[in-house]
Every structure is written in structure tokens, then in C-alpha cells.
Amino acid sequence: MDKEKLQYFKELLLKRREEILKDVLETLKNLEEGAENLPDAIDQAARETDLALGLRLRDREQKLLKKIDKALKKIEEGTYGICEACGIEIDEKRLMARPEATLCIDCKRAQERMEKIKGE
């Protein structure tokens, strides 16, 4: 992959990383603001449900953040865009959709099939 494209994907990954961190800070702010006692049990239950959902979303974003950091490291190492399973170059369209991707589409589909078989 040429340097111009690598720079584009690096900027894309950094932007996504920044957005995730901004969302995490927003969640923390909401947690601090929501520390007050709500007089109504229904309001309190609704607040707790919202917080639980927000925390689950942040957990998923934490995993995505690790993938983004891994992709940024691969850019620095010169291995970005190479499938970890088969070693071929990952299609640029796939990287546009998921710049943190580590598998080409064929290997990803095979992985998903295996996960489905194991899950049944």
C-alpha cells in the first residue's frame, strides 16, 4: 500500500479513536451527574437501565479501541492491510468500511462460519 493511502487510513483510525474516547468521557460525565438519588423508584430504575446499556456500549467500544490501536501499530510496522490468516492484501473497500480489519473478506467469512458451527 502506498504512503498516501496509509496516511489516509491512519487519519481515519485516529479520528475513530478520538470519537470513541469522546464518547467514553461523555459516559463518565453522565455517571457522575447521575449519582444523585432520584425520588421516584421508576425514575431510578430507568436511569440504572440507561447506565447499564451505556456501559455495555462502552465495553464494546473498548474492544474496538484495542483493534484501532493494533491497526495503528501495524501501520507503523508496515504490515497494515495484510490478512493475518492468509497473508494476502486486504481489499481497500473492506478497509474503507472497517479500517481496523485484520482479515480479508474470505478469511473473515470462514471465521464467521466456524463461529456459527461452534455456536450451534
# chains A, B, ... in the order shown; residues from 1 in each chain; ligands from 1
>>> select_by_dssp(residues="chain A", states="alpha helix (DSSP H)", output="PyMOL selection string")
chain A and resi 3-33+41-77+92-97+105-119
>>> closest_atom_pairs(of="segment 15-91 of chain A", to="segment 96-106 of chain A", cutoff="8 Å", atoms="only C-alpha atoms", output="Markdown table")
| residue | atom | partner | partner_atom | distance |
| --- | --- | --- | --- | --- |
| A:Lys67 | CA | A:Glu100 | CA | 5.8 |
| A:Ile68 | CA | A:Glu100 | CA | 5.3 |
| A:Lys70 | CA | A:Glu100 | CA | 7.7 |
| A:Ala71 | CA | A:Glu100 | CA | 5.4 |
| A:Gly81 | CA | A:Thr102 | CA | 7.1 |
| A:Ile82 | CA | A:Thr102 | CA | 7.1 |
| A:Cys83 | CA | A:Leu103 | CA | 4.4 |
| A:Glu84 | CA | A:Leu103 | CA | 5.8 |
| A:Ala85 | CA | A:Leu103 | CA | 6.5 |
| A:Ile88 | CA | A:Cys104 | CA | 7.5 |
| A:Glu89 | CA | A:Cys104 | CA | 7.3 |
| A:Ile90 | CA | A:Cys104 | CA | 4.7 |
| A:Asp91 | CA | A:Cys104 | CA | 6.8 |
>>> closest_residue(among="A:Leu51, A:Ala41, A:Arg16, A:Lys108", to="Lys29 of chain A", atoms="only C-alpha atoms")
A:Leu51
>>> closest_residue(among="A:Asp50, A:Asp43, A:Glu4, A:Glu61", to="Arg17 of chain A", atoms="only C-alpha atoms")
A:Glu61
>>> closest_residue(among="A:Leu65, A:Ile117, A:Ile75, A:Leu95", to="Leu21 of chain A", atoms="only C-alpha atoms")
A:Leu65
>>> residues_around(residues="Leu55 of chain A", least_positions_apart="2", cutoff="12 Å", atoms="only C-alpha atoms", output="MDAnalysis selection string")
chainID A and resid 23:28 30:31 48:53 57:62
>>> write_last_selection(atoms="C-alpha atoms", output="CSV table (one decimal), in the first residue's frame")
chain,number,residue,atom,x,y,z
A,23,ASP,CA,-18.0,9.1,24.0
A,24,VAL,CA,-16.2,7.4,26.9
A,25,LEU,CA,-15.7,10.8,28.6
A,26,GLU,CA,-19.4,11.6,28.0
A,27,THR,CA,-20.4,8.4,29.7
A,28,LEU,CA,-18.2,9.1,32.7
A,30,ASN,CA,-23.2,11.1,32.8
A,31,LEU,CA,-22.3,8.6,35.5
A,48,GLU,CA,-29.9,2.5,36.0
A,49,THR,CA,-31.1,0.7,32.9
A,50,ASP,CA,-29.8,3.6,30.7
A,51,LEU,CA,-26.5,3.5,32.5
A,52,ALA,CA,-26.2,-0.3,32.1
A,53,LEU,CA,-26.8,0.0,28.4
A,57,LEU,CA,-21.8,0.0,24.6
A,58,ARG,CA,-18.6,1.5,26.1
A,59,ASP,CA,-17.3,-2.1,26.7
A,60,ARG,CA,-17.8,-2.8,23.0
A,61,GLU,CA,-16.1,0.4,22.2
A,62,GLN,CA,-13.2,-0.5,24.4
>>> atom_distance(atom1="atom CA of Thr79 of chain A", atom2="atom CA of Leu6 of chain A")
10.4 Å
